[in-house]
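Asker: File name entry36.tsv; file contents TSV, C-alpha atoms; full text below.
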```tsv
chain	number	residue	atom	x	y	z
A	1	ASP	CA	39.56	4.13	17.25
A	2	ILE	CA	37.34	4.54	14.21
A	3	LEU	CA	37.91	1.01	12.92
A	4	ALA	CA	36.71	-0.47	16.19
A	5	TRP	CA	33.66	1.81	16.10
A	6	LYS	CA	32.80	0.64	12.58
A	7	GLN	CA	32.93	-3.00	13.70
A	8	ILE	CA	30.67	-2.27	16.67
A	9	TYR	CA	28.27	-0.32	14.47
A	10	LYS	CA	28.04	-3.11	11.91
A	11	ALA	CA	27.33	-5.68	14.63
A	12	GLN	CA	24.74	-3.54	16.44
A	13	ALA	CA	23.28	-1.36	13.68
A	14	ALA	CA	19.58	-1.72	14.52
A	15	PRO	CA	19.83	-0.97	18.27
A	16	LEU	CA	22.13	1.99	17.62
A	17	ALA	CA	19.79	3.30	14.93
A	18	ARG	CA	16.81	2.99	17.29
A	19	GLY	CA	18.67	4.86	20.00
A	20	PHE	CA	19.62	7.61	17.57
A	21	VAL	CA	16.03	7.97	16.36
A	22	LEU	CA	14.73	8.16	19.94
A	23	HIS	CA	17.24	10.84	20.90
A	24	PHE	CA	16.74	12.76	17.66
A	25	LEU	CA	12.95	12.80	18.04
A	26	THR	CA	13.25	13.82	21.68
A	27	TYR	CA	15.48	16.75	20.74
A	28	ALA	CA	13.51	17.74	17.64
A	29	THR	CA	10.05	17.62	19.22
A	30	GLY	CA	10.93	18.63	22.77
A	31	ALA	CA	9.44	15.48	24.26
A	32	PRO	CA	10.43	11.81	24.22
A	33	PRO	CA	8.31	9.46	22.13
A	34	ARG	CA	5.56	7.85	24.18
A	35	PHE	CA	5.15	4.13	24.71
A	36	SER	CA	2.23	4.18	22.28
A	37	GLU	CA	4.57	5.50	19.58
A	38	ASP	CA	7.06	2.61	19.80
A	39	SER	CA	5.65	1.04	16.65
A	40	SER	CA	6.29	4.28	14.75
A	41	VAL	CA	9.90	4.36	15.98
A	42	GLU	CA	10.37	0.75	14.90
A	43	ALA	CA	8.86	1.60	11.50
A	44	VAL	CA	11.42	4.39	11.04
A	45	VAL	CA	14.30	2.02	11.86
A	46	ALA	CA	12.90	-0.72	9.63
A	47	ARG	CA	12.40	1.73	6.75
A	48	VAL	CA	16.12	2.56	6.64
A	49	ALA	CA	17.43	-0.95	7.34
A	50	ALA	CA	17.79	-1.67	3.63
A	51	GLU	CA	19.93	1.45	3.27
A	52	GLY	CA	22.34	0.33	5.98
A	53	HIS	CA	21.01	2.59	8.75
A	54	GLY	CA	22.80	5.62	7.34
A	55	LEU	CA	22.61	8.84	9.33
A	56	ARG	CA	21.06	10.87	6.52
A	57	SER	CA	18.42	8.17	5.95
A	58	LEU	CA	17.62	8.01	9.68
A	59	VAL	CA	17.15	11.76	9.97
A	60	ARG	CA	14.99	11.89	6.83
A	61	ALA	CA	12.79	8.98	7.96
A	62	ALA	CA	12.42	10.49	11.44
A	63	VAL	CA	11.41	13.89	10.04
A	64	LEU	CA	8.85	12.25	7.75
A	65	SER	CA	7.41	10.12	10.58
A	66	ASP	CA	4.02	10.77	12.17
A	67	ILE	CA	5.70	11.37	15.53
A	68	PHE	CA	7.64	14.34	14.20
A	69	ARG	CA	4.85	15.75	12.07
A	70	THR	CA	2.14	15.64	14.77
A	71	LYS	CA	4.01	17.00	17.80
```
Now that the file is in, can you turn its structure into structure tokens?

Answerer:
Amino acid sequence: DILAWKQIYKAQAAPLARGFVLHFLTYATGAPPRFSEDSSVEAVVARVAAEGHGLRSLVRAAVLSDIFRTK
């Protein structure tokens, strides 16, 4: 149920956010981020950590990232 999902999300916010960003960038750019772009993905996740890894913040940070803008 949704309450269980919220507990899981709170306990594993950073890994779930990273997975979302990877999948979002893959879909949005048509190609998965390369190994050399891992630091950029981590920077996106770290940038929204203070905001609680919210979905809107993750999408905005991913769209403003170098990965998205250069592919």

Asker: Quick one, how far is atom CA of A:Phe20 from atom CA of A:Phe35?

Answerer: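 Going from atom CA of A:Phe20 over to atom CA of A:Phe35, I get 16.5 Å.
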
Asker: Could you name the residues that touch A:Leu55 at 12 Å or less, counting only C-alpha atoms, but leaving out those on the same chain fewer than 2 positions away, as a PyMOL selection string?

Answerer: chain A and resi 9+13+16-18+20-21+24+45+48-49+51-53+57-62

Asker: May I have the residues from that selection written out with C-alpha atoms, as a PDB file, in the frame of the given file?

Answerer:
```
ATOM      1  CA  TYR A   9      28.270  -0.320  14.470  1.00  0.00           C
ATOM      2  CA  ALA A  13      23.280  -1.360  13.680  1.00  0.00           C
ATOM      3  CA  LEU A  16      22.130   1.990  17.620  1.00  0.00           C
ATOM      4  CA  ALA A  17      19.790   3.300  14.930  1.00  0.00           C
ATOM      5  CA  ARG A  18      16.810   2.990  17.290  1.00  0.00           C
ATOM      6  CA  PHE A  20      19.620   7.610  17.570  1.00  0.00           C
ATOM      7  CA  VAL A  21      16.030   7.970  16.360  1.00  0.00           C
ATOM      8  CA  PHE A  24      16.740  12.760  17.660  1.00  0.00           C
ATOM      9  CA  VAL A  45      14.300   2.020  11.860  1.00  0.00           C
ATOM     10  CA  VAL A  48      16.120   2.560   6.640  1.00  0.00           C
ATOM     11  CA  ALA A  49      17.430  -0.950   7.340  1.00  0.00           C
ATOM     12  CA  GLU A  51      19.930   1.450   3.270  1.00  0.00           C
ATOM     13  CA  GLY A  52      22.340   0.330   5.980  1.00  0.00           C
ATOM     14  CA  HIS A  53      21.010   2.590   8.750  1.00  0.00           C
ATOM     15  CA  SER A  57      18.420   8.170   5.950  1.00  0.00           C
ATOM     16  CA  LEU A  58      17.620   8.010   9.680  1.00  0.00           C
ATOM     17  CA  VAL A  59      17.150  11.760   9.970  1.00  0.00           C
ATOM     18  CA  ARG A  60      14.990  11.890   6.830  1.00  0.00           C
ATOM     19  CA  ALA A  61      12.790   8.980   7.960  1.00  0.00           C
ATOM     20  CA  ALA A  62      12.420  10.490  11.440  1.00  0.00           C
TER      21      ALA A  62
END
```

Asker: What does the structure give for the distance between atom CA of A:Ser40 and atom CA of A:Leu25, in Å to one decimal?

Answerer: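 Value for the atom CA of A:Ser40-atom CA of A:Leu25 distance: 11.3 Å.
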
Asker: Of the candidates A:Ala28, A:Leu22, A:Ala11, A:Leu64, which one gets nearest to A:Glu42 if we count all atoms listed in the file?

Answerer: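 Closest to A:Glu42 of all the choices is A:Leu22.
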
Asker: Need to verify the contact set: A:Ile67, 10 Å, all atoms listed in the file, exclusion of same-chain residues closer than 3 positions in sequence. Can you return it as a list in words?

Answerer: Leu25, Thr29, Pro32, Pro33, Arg34, Glu37, Asp38, Ser40, Val41, Ala62, Val63, Leu64, Thr70 and Lys71 of chain A

Asker: Choose the residue, out of A:Ile8, A:Ala14, A:Thr26, A:Arg69, that has the smallest atom-to-atom separation from A:Ala43; count only C-alpha atoms.

Answerer: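 Ranking A:Ile8, A:Ala14, A:Thr26, A:Arg69 by distance to A:Ala43, first place goes to A:Ala14.
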
Asker: Which is closer to A:Ala31 than all the others in A:Gln7, A:Gln12, A:Gly54, A:Phe68, using all atoms listed in the file?

Answerer: A:Phe68

Asker: Take stretch 40-71 of chain A, model N, CA and C atoms, and hand the result over as a PDB file, in the coordinates of the input.

Answerer:
```
ATOM      1  N   SER A  40       5.849   3.285  15.734  1.00  0.00           N
ATOM      2  CA  SER A  40       6.290   4.280  14.750  1.00  0.00           C
ATOM      3  C   SER A  40       7.807   4.386  14.725  1.00  0.00           C
ATOM      4  N   VAL A  41       8.428   4.320  15.899  1.00  0.00           N
ATOM      5  CA  VAL A  41       9.900   4.360  15.980  1.00  0.00           C
ATOM      6  C   VAL A  41      10.476   3.129  15.285  1.00  0.00           C
ATOM      7  N   GLU A  42       9.898   1.974  15.537  1.00  0.00           N
ATOM      8  CA  GLU A  42      10.370   0.750  14.900  1.00  0.00           C
ATOM      9  C   GLU A  42      10.185   0.813  13.381  1.00  0.00           C
ATOM     10  N   ALA A  43       9.104   1.452  12.944  1.00  0.00           N
ATOM     11  CA  ALA A  43       8.860   1.600  11.500  1.00  0.00           C
ATOM     12  C   ALA A  43       9.926   2.483  10.861  1.00  0.00           C
ATOM     13  N   VAL A  44      10.361   3.514  11.560  1.00  0.00           N
ATOM     14  CA  VAL A  44      11.420   4.390  11.040  1.00  0.00           C
ATOM     15  C   VAL A  44      12.708   3.591  10.889  1.00  0.00           C
ATOM     16  N   VAL A  45      13.061   2.818  11.902  1.00  0.00           N
ATOM     17  CA  VAL A  45      14.300   2.020  11.860  1.00  0.00           C
ATOM     18  C   VAL A  45      14.208   0.956  10.770  1.00  0.00           C
ATOM     19  N   ALA A  46      13.068   0.312  10.648  1.00  0.00           N
ATOM     20  CA  ALA A  46      12.900  -0.720   9.630  1.00  0.00           C
ATOM     21  C   ALA A  46      12.959  -0.128   8.222  1.00  0.00           C
ATOM     22  N   ARG A  47      12.428   1.085   8.057  1.00  0.00           N
ATOM     23  CA  ARG A  47      12.400   1.730   6.750  1.00  0.00           C
ATOM     24  C   ARG A  47      13.816   1.972   6.216  1.00  0.00           C
ATOM     25  N   VAL A  48      14.760   2.265   7.097  1.00  0.00           N
ATOM     26  CA  VAL A  48      16.120   2.560   6.640  1.00  0.00           C
ATOM     27  C   VAL A  48      17.075   1.375   6.773  1.00  0.00           C
ATOM     28  N   ALA A  49      16.578   0.234   7.188  1.00  0.00           N
ATOM     29  CA  ALA A  49      17.430  -0.950   7.340  1.00  0.00           C
ATOM     30  C   ALA A  49      18.047  -1.363   6.005  1.00  0.00           C
ATOM     31  N   ALA A  50      17.281  -1.276   4.945  1.00  0.00           N
ATOM     32  CA  ALA A  50      17.790  -1.670   3.630  1.00  0.00           C
ATOM     33  C   ALA A  50      18.896  -0.746   3.140  1.00  0.00           C
ATOM     34  N   GLU A  51      18.919   0.477   3.672  1.00  0.00           N
ATOM     35  CA  GLU A  51      19.930   1.450   3.270  1.00  0.00           C
ATOM     36  C   GLU A  51      21.140   1.427   4.180  1.00  0.00           C
ATOM     37  N   GLY A  52      21.193   0.469   5.098  1.00  0.00           N
ATOM     38  CA  GLY A  52      22.340   0.330   5.980  1.00  0.00           C
ATOM     39  C   GLY A  52      22.316   1.234   7.195  1.00  0.00           C
ATOM     40  N   HIS A  53      21.150   1.733   7.575  1.00  0.00           N
ATOM     41  CA  HIS A  53      21.010   2.590   8.750  1.00  0.00           C
ATOM     42  C   HIS A  53      21.904   3.827   8.666  1.00  0.00           C
ATOM     43  N   GLY A  54      21.993   4.417   7.502  1.00  0.00           N
ATOM     44  CA  GLY A  54      22.800   5.620   7.340  1.00  0.00           C
ATOM     45  C   GLY A  54      22.199   6.806   8.083  1.00  0.00           C
ATOM     46  N   LEU A  55      23.051   7.699   8.533  1.00  0.00           N
ATOM     47  CA  LEU A  55      22.610   8.840   9.330  1.00  0.00           C
ATOM     48  C   LEU A  55      21.634   9.732   8.563  1.00  0.00           C
ATOM     49  N   ARG A  56      21.943  10.028   7.332  1.00  0.00           N
ATOM     50  CA  ARG A  56      21.060  10.870   6.520  1.00  0.00           C
ATOM     51  C   ARG A  56      19.690  10.204   6.350  1.00  0.00           C
ATOM     52  N   SER A  57      19.679   8.907   6.123  1.00  0.00           N
ATOM     53  CA  SER A  57      18.420   8.170   5.950  1.00  0.00           C
ATOM     54  C   SER A  57      17.621   8.158   7.248  1.00  0.00           C
ATOM     55  N   LEU A  58      18.304   8.009   8.384  1.00  0.00           N
ATOM     56  CA  LEU A  58      17.620   8.010   9.680  1.00  0.00           C
ATOM     57  C   LEU A  58      16.971   9.357   9.966  1.00  0.00           C
ATOM     58  N   VAL A  59      17.692  10.427   9.723  1.00  0.00           N
ATOM     59  CA  VAL A  59      17.150  11.760   9.970  1.00  0.00           C
ATOM     60  C   VAL A  59      15.955  12.021   9.060  1.00  0.00           C
ATOM     61  N   ARG A  60      16.088  11.677   7.791  1.00  0.00           N
ATOM     62  CA  ARG A  60      14.990  11.890   6.830  1.00  0.00           C
ATOM     63  C   ARG A  60      13.754  11.095   7.227  1.00  0.00           C
ATOM     64  N   ALA A  61      13.929   9.817   7.571  1.00  0.00           N
ATOM     65  CA  ALA A  61      12.790   8.980   7.960  1.00  0.00           C
ATOM     66  C   ALA A  61      12.145   9.494   9.251  1.00  0.00           C
ATOM     67  N   ALA A  62      12.964   9.965  10.184  1.00  0.00           N
ATOM     68  CA  ALA A  62      12.420  10.490  11.440  1.00  0.00           C
ATOM     69  C   ALA A  62      11.614  11.761  11.200  1.00  0.00           C
ATOM     70  N   VAL A  63      12.115  12.637  10.337  1.00  0.00           N
ATOM     71  CA  VAL A  63      11.410  13.890  10.040  1.00  0.00           C
ATOM     72  C   VAL A  63      10.104  13.620   9.288  1.00  0.00           C
ATOM     73  N   LEU A  64      10.077  12.588   8.487  1.00  0.00           N
ATOM     74  CA  LEU A  64       8.850  12.250   7.750  1.00  0.00           C
ATOM     75  C   LEU A  64       7.882  11.395   8.558  1.00  0.00           C
ATOM     76  N   SER A  65       8.262  10.990   9.758  1.00  0.00           N
ATOM     77  CA  SER A  65       7.410  10.120  10.580  1.00  0.00           C
ATOM     78  C   SER A  65       6.232  10.896  11.173  1.00  0.00           C
ATOM     79  N   ASP A  66       5.194  10.159  11.541  1.00  0.00           N
ATOM     80  CA  ASP A  66       4.020  10.770  12.170  1.00  0.00           C
ATOM     81  C   ASP A  66       4.374  11.402  13.507  1.00  0.00           C
ATOM     82  N   ILE A  67       5.306  10.818  14.235  1.00  0.00           N
ATOM     83  CA  ILE A  67       5.700  11.370  15.530  1.00  0.00           C
ATOM     84  C   ILE A  67       6.187  12.811  15.353  1.00  0.00           C
ATOM     85  N   PHE A  68       7.073  13.018  14.414  1.00  0.00           N
ATOM     86  CA  PHE A  68       7.640  14.340  14.200  1.00  0.00           C
ATOM     87  C   PHE A  68       6.588  15.314  13.656  1.00  0.00           C
ATOM     88  N   ARG A  69       5.792  14.866  12.721  1.00  0.00           N
ATOM     89  CA  ARG A  69       4.850  15.750  12.070  1.00  0.00           C
ATOM     90  C   ARG A  69       3.654  16.132  12.932  1.00  0.00           C
ATOM     91  N   THR A  70       3.340  15.346  13.969  1.00  0.00           N
ATOM     92  CA  THR A  70       2.140  15.640  14.770  1.00  0.00           C
ATOM     93  C   THR A  70       2.447  16.267  16.116  1.00  0.00           C
ATOM     94  N   LYS A  71       3.705  16.367  16.498  1.00  0.00           N
ATOM     95  CA  LYS A  71       4.010  17.000  17.800  1.00  0.00           C
ATOM     96  C   LYS A  71       4.313  18.450  17.616  1.00  0.00           C
TER      97      LYS A  71
END
```
